[in-house]
file input-v6.cif (mmCIF, C-alpha atoms; chains and numbers go by the auth columns)
data_upload
#
loop_
_atom_site.group_PDB
_atom_site.id
_atom_site.type_symbol
_atom_site.label_atom_id
_atom_site.label_comp_id
_atom_site.label_asym_id
_atom_site.label_seq_id
_atom_site.Cartn_x
_atom_site.Cartn_y
_atom_site.Cartn_z
_atom_site.B_iso_or_equiv
_atom_site.auth_seq_id
_atom_site.auth_asym_id
ATOM 1 C CA MET A 1 0.000 0.000 0.000 0.00 957 A
ATOM 2 C CA THR A 2 2.805 2.408 0.837 0.00 958 A
ATOM 3 C CA LYS A 3 4.592 1.483 -2.402 0.00 959 A
ATOM 4 C CA ARG A 4 1.529 2.536 -4.349 0.00 960 A
ATOM 5 C CA LEU A 5 1.251 5.789 -2.425 0.00 961 A
ATOM 6 C CA VAL A 6 4.912 6.603 -3.019 0.00 962 A
ATOM 7 C CA ALA A 7 4.557 5.768 -6.723 0.00 963 A
ATOM 8 C CA ALA A 8 1.424 7.965 -7.084 0.00 964 A
ATOM 9 C CA LEU A 9 3.179 10.815 -5.325 0.00 965 A
ATOM 10 C CA ALA A 10 6.247 10.490 -7.579 0.00 966 A
ATOM 11 C CA VAL A 11 4.099 10.526 -10.729 0.00 967 A
ATOM 12 C CA THR A 12 2.213 13.606 -9.474 0.00 968 A
ATOM 13 C CA VAL A 13 5.445 15.495 -8.767 0.00 969 A
ATOM 14 C CA ALA A 14 6.861 14.519 -12.147 0.00 970 A
ATOM 15 C CA LEU A 15 3.758 15.697 -13.992 0.00 971 A
ATOM 16 C CA ALA A 16 3.595 18.926 -12.025 0.00 972 A
ATOM 17 C CA SER A 17 7.137 19.854 -13.033 0.00 973 A
ATOM 18 C CA CYS A 18 6.438 19.344 -16.764 0.00 974 A
ATOM 19 C CA THR A 19 5.760 22.386 -18.890 0.00 975 A
ATOM 20 C CA SER A 20 3.578 22.352 -21.898 0.00 976 A
ATOM 21 C CA SER A 21 3.641 24.363 -25.088 0.00 977 A
ATOM 22 C CA PHE A 22 -0.170 24.618 -24.908 0.00 978 A
ATOM 23 C CA LYS A 23 -1.335 28.238 -24.816 0.00 979 A
ATOM 24 C CA ARG A 24 -4.778 29.153 -23.660 0.00 980 A
ATOM 25 C CA PRO A 25 -6.711 30.995 -26.336 0.00 981 A
ATOM 26 C CA THR A 26 -7.405 34.638 -25.611 0.00 982 A
ATOM 27 C CA LEU A 27 -10.973 35.751 -25.882 0.00 983 A
ATOM 28 C CA PRO A 28 -11.752 38.664 -28.176 0.00 984 A
ATOM 29 C CA ARG A 29 -12.674 41.911 -26.465 0.00 985 A
ATOM 30 C CA VAL A 30 -15.954 43.529 -27.415 0.00 986 A
ATOM 31 C CA ASP A 31 -16.679 47.201 -26.775 0.00 987 A
ATOM 32 C CA PHE A 32 -20.409 47.217 -25.949 0.00 988 A
ATOM 33 C CA SER A 33 -20.604 50.994 -25.671 0.00 989 A
ATOM 34 C CA LYS A 34 -20.570 51.232 -29.457 0.00 990 A
ATOM 35 C CA LEU A 35 -23.373 48.678 -29.776 0.00 991 A
ATOM 36 C CA GLN A 36 -25.872 50.324 -27.419 0.00 992 A
ATOM 37 C CA PRO A 37 -28.363 52.748 -28.968 0.00 993 A
ATOM 38 C CA ARG A 38 -28.419 56.305 -27.727 0.00 994 A
ATOM 39 C CA ILE A 39 -31.807 57.019 -26.127 0.00 995 A
ATOM 40 C CA ASP A 40 -32.822 60.505 -25.066 0.00 996 A
ATOM 41 C CA LEU A 41 -34.868 59.775 -21.915 0.00 997 A
ATOM 42 C CA SER A 42 -36.186 63.326 -21.755 0.00 998 A
ATOM 43 C CA LYS A 43 -38.279 62.638 -24.879 0.00 999 A
ATOM 44 C CA LEU A 44 -39.489 59.233 -23.713 0.00 1000 A
ATOM 45 C CA ARG A 45 -43.206 59.168 -22.837 0.00 1001 A
ATOM 46 C CA LEU A 46 -43.986 56.644 -20.154 0.00 1002 A
ATOM 47 C CA PRO A 47 -47.404 54.966 -20.079 0.00 1003 A
ATOM 48 C CA ARG A 48 -48.509 56.743 -16.878 0.00 1004 A
ATOM 49 C CA SER A 49 -47.259 60.139 -17.951 0.00 1005 A
ATOM 50 C CA ARG A 50 -49.687 62.579 -19.457 0.00 1006 A
ATOM 51 C CA LYS A 51 -49.265 65.959 -20.998 0.00 1007 A
ATOM 52 C CA PRO A 52 -49.952 68.458 -18.232 0.00 1008 A
ATOM 53 C CA GLU A 53 -52.684 70.943 -18.928 0.00 1009 A
ATOM 54 C CA PRO A 54 -51.597 74.570 -18.767 0.00 1010 A
ATOM 55 C CA LEU A 55 -52.964 76.145 -15.612 0.00 1011 A
ATOM 56 C CA ARG A 56 -53.487 79.872 -15.196 0.00 1012 A
ATOM 57 C CA PRO A 57 -54.146 81.639 -11.921 0.00 1013 A
ATOM 58 C CA VAL A 58 -57.819 81.974 -11.064 0.00 1014 A
ATOM 59 C CA ALA A 59 -59.740 84.936 -9.692 0.00 1015 A
ATOM 60 C CA PRO A 60 -60.169 84.055 -5.990 0.00 1016 A
ATOM 61 C CA ARG A 61 -63.760 83.642 -4.899 0.00 1017 A
ATOM 62 C CA PRO A 62 -65.203 82.106 -1.730 0.00 1018 A
ATOM 63 C CA LEU A 63 -67.645 79.231 -2.020 0.00 1019 A
ATOM 64 C CA THR A 64 -71.288 79.750 -1.198 0.00 1020 A
ATOM 65 C CA PRO A 65 -72.840 77.095 1.084 0.00 1021 A
ATOM 66 C CA MET A 66 -74.645 75.539 -1.903 0.00 1022 A
ATOM 67 C CA GLU A 67 -71.426 75.420 -3.962 0.00 1023 A
ATOM 68 C CA ARG A 68 -69.582 73.870 -1.026 0.00 1024 A
ATOM 69 C CA ARG A 69 -72.196 71.093 -0.849 0.00 1025 A
ATOM 70 C CA GLY A 70 -71.709 70.467 -4.587 0.00 1026 A
ATOM 71 C CA VAL A 71 -67.925 70.267 -4.156 0.00 1027 A
ATOM 72 C CA GLU A 72 -68.299 67.905 -1.199 0.00 1028 A
ATOM 73 C CA ALA A 73 -70.664 65.682 -3.211 0.00 1029 A
ATOM 74 C CA GLY A 74 -68.158 65.544 -6.081 0.00 1030 A
ATOM 75 C CA VAL A 75 -65.293 64.608 -3.771 0.00 1031 A
ATOM 76 C CA ARG A 76 -67.380 62.005 -1.917 0.00 1032 A
ATOM 77 C CA ALA A 77 -68.244 60.395 -5.261 0.00 1033 A
ATOM 78 C CA ALA A 78 -64.520 59.770 -5.831 0.00 1034 A
ATOM 79 C CA TYR A 79 -64.278 57.579 -2.705 0.00 1035 A
ATOM 80 C CA GLU A 80 -65.495 53.998 -2.219 0.00 1036 A
ATOM 81 C CA GLU A 81 -66.964 54.823 1.195 0.00 1037 A
ATOM 82 C CA PRO A 82 -68.288 58.385 0.843 0.00 1038 A
ATOM 83 C CA ASP A 83 -69.712 58.521 4.377 0.00 1039 A
ATOM 84 C CA THR A 84 -66.225 58.354 5.906 0.00 1040 A
ATOM 85 C CA VAL A 85 -64.900 61.440 4.065 0.00 1041 A
ATOM 86 C CA ARG A 86 -64.103 64.476 6.244 0.00 1042 A
ATOM 87 C CA PHE A 87 -63.497 67.911 4.727 0.00 1043 A
ATOM 88 C CA HIS A 88 -61.146 70.611 5.870 0.00 1044 A
ATOM 89 C CA ARG A 89 -59.932 73.809 4.248 0.00 1045 A
ATOM 90 C CA PHE A 90 -61.071 74.799 0.708 0.00 1046 A
ATOM 91 C CA LYS A 91 -59.813 77.514 -1.609 0.00 1047 A
ATOM 92 C CA SER A 92 -61.656 78.371 -4.781 0.00 1048 A
ATOM 93 C CA GLY A 93 -61.681 80.710 -7.731 0.00 1049 A
ATOM 94 C CA ILE A 94 -63.155 81.277 -11.170 0.00 1050 A
ATOM 95 C CA THR A 95 -61.045 80.172 -14.155 0.00 1051 A
ATOM 96 C CA ASP A 96 -60.789 82.079 -17.424 0.00 1052 A
ATOM 97 C CA LYS A 97 -63.223 79.463 -18.867 0.00 1053 A
ATOM 98 C CA GLY A 98 -65.824 80.454 -16.261 0.00 1054 A
ATOM 99 C CA THR A 99 -65.599 77.229 -14.271 0.00 1055 A
ATOM 100 C CA LEU A 100 -65.095 76.958 -10.536 0.00 1056 A
ATOM 101 C CA ALA A 101 -61.656 75.582 -9.594 0.00 1057 A
ATOM 102 C CA VAL A 102 -61.247 74.225 -6.063 0.00 1058 A
ATOM 103 C CA CYS A 103 -58.312 72.887 -4.085 0.00 1059 A
ATOM 104 C CA GLY A 104 -58.821 71.511 -0.622 0.00 1060 A
ATOM 105 C CA LEU A 105 -57.892 69.021 2.043 0.00 1061 A
ATOM 106 C CA VAL A 106 -59.767 65.832 2.800 0.00 1062 A
ATOM 107 C CA ASN A 107 -59.254 62.703 4.885 0.00 1063 A
ATOM 108 C CA THR A 108 -61.262 59.634 5.777 0.00 1064 A
ATOM 109 C CA GLU A 109 -62.306 58.129 9.073 0.00 1065 A
ATOM 110 C CA LEU A 110 -61.215 54.538 9.651 0.00 1066 A
ATOM 111 C CA PRO A 111 -63.455 51.881 11.260 0.00 1067 A
ATOM 112 C CA ASP A 112 -61.519 52.126 14.546 0.00 1068 A
ATOM 113 C CA GLY A 113 -62.322 55.852 14.797 0.00 1069 A
ATOM 114 C CA SER A 114 -58.884 57.106 13.766 0.00 1070 A
ATOM 115 C CA SER A 115 -58.340 59.202 10.648 0.00 1071 A
ATOM 116 C CA THR A 116 -56.100 58.938 7.626 0.00 1072 A
ATOM 117 C CA ASN A 117 -53.610 61.637 6.712 0.00 1073 A
ATOM 118 C CA LEU A 118 -54.925 64.743 4.998 0.00 1074 A
ATOM 119 C CA ARG A 119 -54.866 64.575 1.207 0.00 1075 A
ATOM 120 C CA LEU A 120 -54.882 67.522 -1.152 0.00 1076 A
ATOM 121 C CA PHE A 121 -57.434 67.420 -3.955 0.00 1077 A
ATOM 122 C CA ARG A 122 -58.050 69.539 -7.030 0.00 1078 A
ATOM 123 C CA GLY A 123 -60.994 69.719 -9.369 0.00 1079 A
ATOM 124 C CA GLU A 124 -63.285 71.899 -11.433 0.00 1080 A
ATOM 125 C CA GLY A 125 -67.000 72.328 -11.674 0.00 1081 A
ATOM 126 C CA GLN A 126 -69.527 74.036 -13.858 0.00 1082 A
ATOM 127 C CA LEU A 127 -71.662 76.592 -12.038 0.00 1083 A
ATOM 128 C CA ARG A 128 -75.391 75.935 -12.368 0.00 1084 A
ATOM 129 C CA MET A 129 -78.197 78.472 -12.633 0.00 1085 A
ATOM 130 C CA ASP A 130 -79.676 77.334 -9.300 0.00 1086 A
ATOM 131 C CA GLY A 131 -76.469 78.319 -7.480 0.00 1087 A
ATOM 132 C CA GLY A 132 -75.004 74.831 -7.193 0.00 1088 A
ATOM 133 C CA VAL A 133 -72.017 73.349 -8.927 0.00 1089 A
ATOM 134 C CA ASP A 134 -71.410 70.121 -10.868 0.00 1090 A
ATOM 135 C CA PHE A 135 -67.982 69.339 -9.444 0.00 1091 A
ATOM 136 C CA VAL A 136 -65.572 66.748 -10.815 0.00 1092 A
ATOM 137 C CA VAL A 137 -62.412 65.793 -8.935 0.00 1093 A
ATOM 138 C CA GLY A 138 -59.353 65.906 -11.180 0.00 1094 A
ATOM 139 C CA GLU A 139 -56.655 64.743 -8.796 0.00 1095 A
ATOM 140 C CA ILE A 140 -56.347 63.445 -5.254 0.00 1096 A
ATOM 141 C CA ALA A 141 -52.857 63.297 -3.785 0.00 1097 A
ATOM 142 C CA GLY A 142 -51.766 59.742 -3.154 0.00 1098 A
ATOM 143 C CA ALA A 143 -54.771 58.252 -4.953 0.00 1099 A
ATOM 144 C CA ASN A 144 -54.538 59.023 -8.669 0.00 1100 A
ATOM 145 C CA SER A 145 -51.705 61.575 -8.607 0.00 1101 A
ATOM 146 C CA ASP A 146 -48.460 62.303 -6.848 0.00 1102 A
ATOM 147 C CA SER A 147 -48.753 64.714 -3.907 0.00 1103 A
ATOM 148 C CA LEU A 148 -46.268 67.164 -5.401 0.00 1104 A
ATOM 149 C CA ASP A 149 -48.133 67.212 -8.731 0.00 1105 A
ATOM 150 C CA VAL A 150 -51.406 68.134 -7.029 0.00 1106 A
ATOM 151 C CA PHE A 151 -49.668 70.770 -4.915 0.00 1107 A
ATOM 152 C CA ALA A 152 -47.967 72.263 -7.995 0.00 1108 A
ATOM 153 C CA ALA A 153 -51.292 72.420 -9.858 0.00 1109 A
ATOM 154 C CA CYS A 154 -52.994 74.164 -6.907 0.00 1110 A
ATOM 155 C CA ARG A 155 -50.043 76.535 -6.621 0.00 1111 A
ATOM 156 C CA ASP A 156 -50.236 77.374 -10.329 0.00 1112 A
ATOM 157 C CA LEU A 157 -53.934 78.142 -9.899 0.00 1113 A
ATOM 158 C CA GLY A 158 -53.116 80.428 -6.959 0.00 1114 A
ATOM 159 C CA LEU A 159 -55.114 78.272 -4.550 0.00 1115 A
ATOM 160 C CA VAL A 160 -52.383 77.342 -2.063 0.00 1116 A
#
call {"tool": "encode", "arguments": {"input": "input-v6.cif", "output": "structure tokens"}}
result
Amino acid sequence: MTKRLVAALAVTVALASCTSSFKRPTLPRVDFSKLQPRIDLSKLRLPRSRKPEPLRPVAPRPLTPMERRGVEAGVRAAYEEPDTVRFHRFKSGITDKGTLAVCGLVNTELPDGSSTNLRLFRGEGQLRMDGGVDFVVGEIAGANSDSLDVFAACRDLGLV
């Protein structure tokens, strides 16, 4: 057994000391920077992006109680559980198209009695002859728009 071990060790040492004329092939180098297309990301339209509508400052105007009820009804309609919606501060004005633009804060009451964080909303409504308003919510921060986008729109309208 030891003779075999010594013989295997001698063969291993002999083979390890041999040099070979075999050269490993070198792999070609590829410069991928020349193969990649140049894409201007500033012109790329993502599926969720939309062309922002130009907003002009409105003529400030307080809401009448009937208009406020119309705005509240429009905002409640945007929520799954309209009875839980709580309203806070509103600011409104008349646009150059003659519609009523409103920005305001809203939150909802949870089943345990606590409330969610305040969310900024923005929308427009057509004034009716009876003194009410047909209000449609355009954006609610954190729901269908980013908070900063809604704030920027309200700022551009002069309602912040």
call {"tool": "atom_distance", "arguments": {"input": "input-v6.cif", "atom1": "atom CA of A:Arg1075", "atom2": "atom CA of A:Ile1096"}}
result
6.7 Å
call {"tool": "residues_around", "arguments": {"input": "input-v6.cif", "residues": "A:Leu1076", "least_positions_apart": "2", "cutoff": "8 Å", "atoms": "all atoms listed in the file", "output": "list of chain:residue names"}}
result
A:Cys1059, A:Gly1060, A:Leu1061, A:Val1062, A:Leu1074, A:Arg1078, A:Ile1096, A:Ala1097, A:Ser1103, A:Val1106, A:Phe1107
call {"tool": "resolve_selection", "arguments": {"input": "input-v6.cif", "expression": "the PyMOL selection byres ((chain A and resi 1025) around 12)", "output": "PDB file with C-alpha atoms, keeping the file's coordinate frame"}}
result
ATOM      1  CA  LEU A1019     -67.645  79.231  -2.020  1.00  0.00           C
ATOM      2  CA  THR A1020     -71.288  79.750  -1.198  1.00  0.00           C
ATOM      3  CA  PRO A1021     -72.840  77.095   1.084  1.00  0.00           C
ATOM      4  CA  MET A1022     -74.645  75.539  -1.903  1.00  0.00           C
ATOM      5  CA  GLU A1023     -71.426  75.420  -3.962  1.00  0.00           C
ATOM      6  CA  ARG A1024     -69.582  73.870  -1.026  1.00  0.00           C
ATOM      7  CA  GLY A1026     -71.709  70.467  -4.587  1.00  0.00           C
ATOM      8  CA  VAL A1027     -67.925  70.267  -4.156  1.00  0.00           C
ATOM      9  CA  GLU A1028     -68.299  67.905  -1.199  1.00  0.00           C
ATOM     10  CA  ALA A1029     -70.664  65.682  -3.211  1.00  0.00           C
ATOM     11  CA  GLY A1030     -68.158  65.544  -6.081  1.00  0.00           C
ATOM     12  CA  VAL A1031     -65.293  64.608  -3.771  1.00  0.00           C
ATOM     13  CA  ARG A1032     -67.380  62.005  -1.917  1.00  0.00           C
ATOM     14  CA  PHE A1043     -63.497  67.911   4.727  1.00  0.00           C
ATOM     15  CA  PHE A1046     -61.071  74.799   0.708  1.00  0.00           C
ATOM     16  CA  GLY A1087     -76.469  78.319  -7.480  1.00  0.00           C
ATOM     17  CA  GLY A1088     -75.004  74.831  -7.193  1.00  0.00           C
ATOM     18  CA  VAL A1089     -72.017  73.349  -8.927  1.00  0.00           C
ATOM     19  CA  ASP A1090     -71.410  70.121 -10.868  1.00  0.00           C
ATOM     20  CA  PHE A1091     -67.982  69.339  -9.444  1.00  0.00           C
TER      21      PHE A1091
END
call {"tool": "atom_distance", "arguments": {"input": "input-v6.cif", "atom1": "atom CA of A:Cys1110", "atom2": "atom CA of A:Ser1070"}}
result
27.4 Å
call {"tool": "closest_residue", "arguments": {"input": "input-v6.cif", "among": "A:Arg1042, A:Arg1084, A:Lys1047, A:Arg985", "to": "A:Ala1015", "atoms": "all atoms listed in the file"}}
result
A:Lys1047
call {"tool": "residues_around", "arguments": {"input": "input-v6.cif", "residues": "A:Leu1113", "least_positions_apart": "2", "cutoff": "6 Å", "atoms": "all atoms listed in the file", "output": "MDAnalysis selection string"}}
result
chainID A and resid 1012:1014 1110:1111 1115
call {"tool": "atom_distance", "arguments": {"input": "input-v6.cif", "atom1": "atom CA of A:Gly1094", "atom2": "atom CA of A:Pro1010"}}
result
13.9 Å
call {"tool": "closest_residue", "arguments": {"input": "input-v6.cif", "among": "A:Ala966, A:Leu961, A:Ala1057, A:Ala1109", "to": "A:Val1093", "atoms": "all atoms listed in the file"}}
result
A:Ala1057
